[in-house]
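This is structure10.tsv. It holds TSV, N, CA and C atoms.
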chain	number	residue	atom	x	y	z
Q	56	MET	N	0.85	-1.16	0.00
Q	56	MET	CA	0.00	0.00	0.00
Q	56	MET	C	0.90	1.23	0.00
Q	57	ASP	N	0.63	2.13	-0.92
Q	57	ASP	CA	1.44	3.33	-1.09
Q	57	ASP	C	0.77	4.49	-0.36
Q	58	LEU	N	1.33	4.91	0.78
Q	58	LEU	CA	0.78	6.01	1.54
Q	58	LEU	C	1.54	7.28	1.20
Q	59	ASP	N	0.82	8.29	0.84
Q	59	ASP	CA	1.41	9.59	0.51
Q	59	ASP	C	1.32	10.46	1.76
Q	60	VAL	N	2.36	10.41	2.58
Q	60	VAL	CA	2.36	11.07	3.88
Q	60	VAL	C	2.10	12.57	3.76
Q	61	PRO	N	2.75	13.30	2.85
Q	61	PRO	CA	2.46	14.74	2.77
Q	61	PRO	C	0.99	15.04	2.48
Q	62	HIS	N	0.37	14.24	1.61
Q	62	HIS	CA	-1.04	14.45	1.30
Q	62	HIS	C	-1.92	14.13	2.52
Q	63	LEU	N	-1.55	13.12	3.27
Q	63	LEU	CA	-2.30	12.78	4.48
Q	63	LEU	C	-2.19	13.91	5.50
Q	64	GLN	N	-1.00	14.49	5.63
Q	64	GLN	CA	-0.82	15.59	6.57
Q	64	GLN	C	-1.66	16.80	6.16
Q	65	VAL	N	-1.70	17.09	4.87
Q	65	VAL	CA	-2.51	18.20	4.38
Q	65	VAL	C	-3.99	17.92	4.66
Q	66	ALA	N	-4.42	16.70	4.38
Q	66	ALA	CA	-5.82	16.33	4.61
Q	66	ALA	C	-6.16	16.43	6.09
Q	67	GLU	N	-5.27	15.98	6.96
Q	67	GLU	CA	-5.51	16.07	8.41
Q	67	GLU	C	-5.60	17.52	8.86
Q	68	ALA	N	-4.77	18.38	8.30
Q	68	ALA	CA	-4.80	19.80	8.65
Q	68	ALA	C	-6.12	20.42	8.18
Q	69	GLU	N	-6.58	20.03	7.01
Q	69	GLU	CA	-7.86	20.54	6.50
Q	69	GLU	C	-9.02	20.08	7.38
Q	70	VAL	N	-8.99	18.82	7.79
Q	70	VAL	CA	-10.03	18.30	8.67
Q	70	VAL	C	-10.04	19.06	9.99
Q	71	LYS	N	-8.86	19.31	10.54
Q	71	LYS	CA	-8.77	20.06	11.79
Q	71	LYS	C	-9.33	21.47	11.62
Q	72	ASN	N	-9.03	22.10	10.49
Q	72	ASN	CA	-9.53	23.44	10.21
Q	72	ASN	C	-11.06	23.44	10.08
Q	73	VAL	N	-11.60	22.48	9.38
Q	73	VAL	CA	-13.05	22.38	9.21
Q	73	VAL	C	-13.73	22.14	10.55
Q	74	ARG	N	-13.16	21.29	11.37
Q	74	ARG	CA	-13.74	21.03	12.69
Q	74	ARG	C	-13.71	22.29	13.56
Q	75	SER	N	-12.63	23.04	13.46
Q	75	SER	CA	-12.53	24.28	14.22
Q	75	SER	C	-13.58	25.29	13.76
Q	76	GLN	N	-13.75	25.41	12.46
Q	76	GLN	CA	-14.77	26.31	11.92
Q	76	GLN	C	-16.17	25.86	12.34
Q	77	ALA	N	-16.41	24.56	12.31
Q	77	ALA	CA	-17.72	24.02	12.71
Q	77	ALA	C	-18.00	24.34	14.17
Q	78	GLU	N	-17.00	24.23	15.02
Q	78	GLU	CA	-17.18	24.54	16.45
Q	78	GLU	C	-17.49	26.02	16.64
Q	79	LYS	N	-16.79	26.88	15.93
Q	79	LYS	CA	-17.07	28.32	16.02
Q	79	LYS	C	-18.50	28.62	15.57
Q	80	LEU	N	-18.94	27.96	14.51
Q	80	LEU	CA	-20.31	28.16	14.02
Q	80	LEU	C	-21.33	27.64	15.02
Q	81	ARG	N	-21.05	26.50	15.66
Q	81	ARG	CA	-21.95	25.97	16.68
Q	81	ARG	C	-22.09	26.95	17.84
Q	82	GLN	N	-20.98	27.55	18.24
Q	82	GLN	CA	-21.02	28.54	19.31
Q	82	GLN	C	-21.82	29.77	18.91
Q	83	GLU	N	-21.63	30.19	17.66
Q	83	GLU	CA	-22.37	31.36	17.17
Q	83	GLU	C	-23.86	31.08	17.10
Q	84	VAL	N	-24.23	29.90	16.66
Q	84	VAL	CA	-25.64	29.51	16.60
Q	84	VAL	C	-26.24	29.48	18.00
Q	85	ALA	N	-25.52	28.92	18.95
Q	85	ALA	CA	-26.01	28.85	20.33
Q	85	ALA	C	-26.21	30.26	20.88
Q	86	HIS	N	-25.27	31.14	20.61
Q	86	HIS	CA	-25.39	32.52	21.08
Q	86	HIS	C	-26.60	33.21	20.44
Q	87	THR	N	-26.77	33.00	19.14
Q	87	THR	CA	-27.89	33.62	18.43
Q	87	THR	C	-29.22	33.08	18.93
Q	88	GLU	N	-29.30	31.79	19.17
Q	88	GLU	CA	-30.54	31.20	19.69
Q	88	GLU	C	-30.87	31.78	21.07
Q	89	THR	N	-29.87	31.96	21.90
Q	89	THR	CA	-30.08	32.55	23.22
Q	89	THR	C	-30.57	33.99	23.09
Q	90	LEU	N	-29.96	34.72	22.18
Q	90	LEU	CA	-30.36	36.11	21.94
Q	90	LEU	C	-31.81	36.19	21.46
Q	91	VAL	N	-32.19	35.33	20.54
Q	91	VAL	CA	-33.57	35.31	20.04
Q	91	VAL	C	-34.54	35.00	21.18
Q	92	HIS	N	-34.19	34.04	22.00
Q	92	HIS	CA	-35.05	33.68	23.14
Q	92	HIS	C	-35.19	34.86	24.09
Q	93	ASP	N	-34.06	35.50	24.41
Q	93	ASP	CA	-34.10	36.63	25.35
Q	93	ASP	C	-34.91	37.79	24.80
Q	94	LEU	N	-34.74	38.09	23.52
Q	94	LEU	CA	-35.50	39.18	22.90
Q	94	LEU	C	-36.99	38.87	22.89
Q	95	GLY	N	-37.34	37.62	22.63
Q	95	GLY	CA	-38.74	37.22	22.67
Q	95	GLY	C	-39.33	37.39	24.06
Q	96	SER	N	-38.56	37.01	25.06
Q	96	SER	CA	-39.03	37.17	26.45
Q	96	SER	C	-39.22	38.64	26.79
Q	97	GLU	N	-38.27	39.48	26.37
Q	97	GLU	CA	-38.39	40.92	26.64
Q	97	GLU	C	-39.59	41.52	25.91
Q	98	ARG	N	-39.84	41.06	24.69
Q	98	ARG	CA	-40.99	41.57	23.94
Q	98	ARG	C	-42.30	41.19	24.63
Q	99	ARG	N	-42.40	39.93	25.05
Q	99	ARG	CA	-43.61	39.49	25.75
Q	99	ARG	C	-43.82	40.30	27.03
Q	100	HIS	N	-42.74	40.55	27.74
Q	100	HIS	CA	-42.84	41.34	28.97
Q	100	HIS	C	-43.32	42.75	28.65
Q	101	LEU	N	-42.79	43.36	27.61
Q	101	LEU	CA	-43.21	44.69	27.21
Q	101	LEU	C	-44.70	44.71	26.83
Q	102	GLU	N	-45.12	43.72	26.05
Q	102	GLU	CA	-46.52	43.65	25.64
Q	102	GLU	C	-47.44	43.46	26.86
Q	103	GLU	N	-47.04	42.58	27.78
Q	103	GLU	CA	-47.85	42.34	28.97
Q	103	GLU	C	-47.92	43.58	29.85
Q	104	THR	N	-46.80	44.28	29.99
Q	104	THR	CA	-46.77	45.49	30.81
Q	104	THR	C	-47.65	46.58	30.21
Q	105	ALA	N	-47.56	46.76	28.90
Q	105	ALA	CA	-48.39	47.77	28.23
Q	105	ALA	C	-49.86	47.43	28.40
Q	106	TYR	N	-50.20	46.16	28.31
Q	106	TYR	CA	-51.59	45.77	28.47
Q	106	TYR	C	-52.05	45.95	29.92
Q	107	ASP	N	-51.22	45.51	30.85
Q	107	ASP	CA	-51.59	45.61	32.27
Q	107	ASP	C	-51.77	47.06	32.71
Q	108	HIS	N	-50.90	47.94	32.26
Q	108	HIS	CA	-50.95	49.34	32.70
Q	108	HIS	C	-51.93	50.20	31.91
Q	109	HIS	N	-52.06	49.91	30.62
Q	109	HIS	CA	-52.84	50.81	29.75
Q	109	HIS	C	-53.96	50.12	28.97
Q	110	ARG	N	-54.09	48.80	29.14
Q	110	ARG	CA	-55.08	48.02	28.39
Q	110	ARG	C	-54.93	48.26	26.88
Q	111	VAL	N	-53.68	48.25	26.45
Q	111	VAL	CA	-53.35	48.48	25.04
Q	111	VAL	C	-52.64	47.24	24.51
Q	112	LEU	N	-53.13	46.74	23.39
Q	112	LEU	CA	-52.43	45.66	22.69
Q	112	LEU	C	-51.49	46.32	21.69
Q	113	LEU	N	-50.20	46.22	21.95
Q	113	LEU	CA	-49.22	46.91	21.11
Q	113	LEU	C	-49.32	46.50	19.64
Q	114	ALA	N	-49.58	45.26	19.38
Q	114	ALA	CA	-49.67	44.80	18.00
Q	114	ALA	C	-50.78	45.52	17.23
Q	115	LYS	N	-51.83	45.94	17.93
Q	115	LYS	CA	-52.95	46.64	17.26
Q	115	LYS	C	-52.69	48.12	17.06
Q	116	VAL	N	-51.93	48.74	17.95
Q	116	VAL	CA	-51.74	50.20	17.84
Q	116	VAL	C	-50.39	50.58	17.25
Q	117	LEU	N	-49.50	49.68	17.12
Q	117	LEU	CA	-48.16	50.00	16.63
Q	117	LEU	C	-48.20	50.64	15.25
Q	118	SER	N	-49.06	50.14	14.38
Q	118	SER	CA	-49.12	50.68	13.02
Q	118	SER	C	-49.67	52.11	13.01
Q	119	ASP	N	-50.35	52.53	14.06
Q	119	ASP	CA	-50.86	53.90	14.13
Q	119	ASP	C	-49.73	54.92	14.26
Q	120	TYR	N	-48.57	54.47	14.72
Q	120	TYR	CA	-47.47	55.37	15.00
Q	120	TYR	C	-46.28	55.18	14.08
Q	121	HIS	N	-46.44	54.41	13.07
Q	121	HIS	CA	-45.33	54.18	12.14
Q	121	HIS	C	-45.77	54.35	10.71
Please express what this file holds, its structure, as structure tokens.
Amino acid sequence: MDLDVPHLQVAEAEVKNVRSQAEKLRQEVAHTETLVHDLGSERRHLEETAYDHHRVLLAKVLSDYH
């Protein structure tokens, strides 16, 4: 069996690079998902507060001001 060591080393380096990029992307996705969740929670809180204090559904009146 003829093993081309330099080519194997290049392939291993490429695999390592791809794995590193994949891990960075996984971290970015996790951060983005957390951000989306947090923003959704803040929006719900804002909507509930506006309704509790003023009996206003923001989704219905928002277009009146934009």
Practice prompt. Can you check which residues of chain Q DSSP gives as alpha helix (DSSP H) on the backbone and send them as number ranges by chain?
Written response: Q: 60-109, 113-116
Worksheet item: What separation in Å, quoted to one decimal, exists between CA of Leu113 (chain Q) and CA of Asp93 (chain Q)?
Response: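 Atom-to-atom, CA of Leu113 (chain Q) to CA of Asp93 (chain Q), that is 18.8 Å.
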Fill in: For CA of Glu97 (chain Q) and CA of Leu80 (chain Q), the interatomic separation in Å (one decimal)
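Separation of CA of Glu97 (chain Q) and CA of Leu80 (chain Q): 25.5 Å.
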Practice prompt. Enter the distance from atom C of Val111 (chain Q) to atom C of Arg98 (chain Q), in Å, rounded to one decimal.
Written response: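 Atom C of Val111 (chain Q) sits 12.0 Å away from atom C of Arg98 (chain Q).
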Output requested as a compact mmCIF listing (two decimals), in the frame of the given file - region 88-100 of chain Q, filled out with N, CA, C and O atoms.
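After the write, part13.txt holds the following:
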# COMPACT_ATOMS: atom_id res chain seq x y z
N GLU Q 88 -29.30 31.79 19.17
CA GLU Q 88 -30.54 31.20 19.69
C GLU Q 88 -30.87 31.78 21.07
O GLU Q 88 -32.04 32.06 21.36
N THR Q 89 -29.87 31.96 21.90
CA THR Q 89 -30.08 32.55 23.22
C THR Q 89 -30.57 33.99 23.09
O THR Q 89 -31.49 34.41 23.79
N LEU Q 90 -29.96 34.72 22.18
CA LEU Q 90 -30.36 36.11 21.94
C LEU Q 90 -31.81 36.19 21.46
O LEU Q 90 -32.58 37.01 21.96
N VAL Q 91 -32.19 35.33 20.54
CA VAL Q 91 -33.57 35.31 20.04
C VAL Q 91 -34.54 35.00 21.18
O VAL Q 91 -35.58 35.64 21.31
N HIS Q 92 -34.19 34.04 22.00
CA HIS Q 92 -35.05 33.68 23.14
C HIS Q 92 -35.19 34.86 24.09
O HIS Q 92 -36.30 35.19 24.53
N ASP Q 93 -34.06 35.50 24.41
CA ASP Q 93 -34.10 36.63 25.35
C ASP Q 93 -34.91 37.79 24.80
O ASP Q 93 -35.70 38.42 25.53
N LEU Q 94 -34.74 38.09 23.52
CA LEU Q 94 -35.50 39.18 22.90
C LEU Q 94 -36.99 38.87 22.89
O LEU Q 94 -37.82 39.75 23.12
N GLY Q 95 -37.34 37.62 22.63
CA GLY Q 95 -38.74 37.22 22.67
C GLY Q 95 -39.33 37.39 24.06
O GLY Q 95 -40.47 37.87 24.21
N SER Q 96 -38.56 37.01 25.06
CA SER Q 96 -39.03 37.17 26.45
C SER Q 96 -39.22 38.64 26.79
O SER Q 96 -40.22 39.02 27.43
N GLU Q 97 -38.27 39.48 26.37
CA GLU Q 97 -38.39 40.92 26.64
C GLU Q 97 -39.59 41.52 25.91
O GLU Q 97 -40.29 42.38 26.47
N ARG Q 98 -39.84 41.06 24.69
CA ARG Q 98 -40.99 41.57 23.94
C ARG Q 98 -42.30 41.19 24.63
O ARG Q 98 -43.20 42.02 24.78
N ARG Q 99 -42.40 39.93 25.05
CA ARG Q 99 -43.61 39.49 25.75
C ARG Q 99 -43.82 40.30 27.03
O ARG Q 99 -44.94 40.71 27.34
N HIS Q 100 -42.74 40.55 27.74
CA HIS Q 100 -42.84 41.34 28.97
C HIS Q 100 -43.32 42.75 28.65
O HIS Q 100 -44.19 43.29 29.35
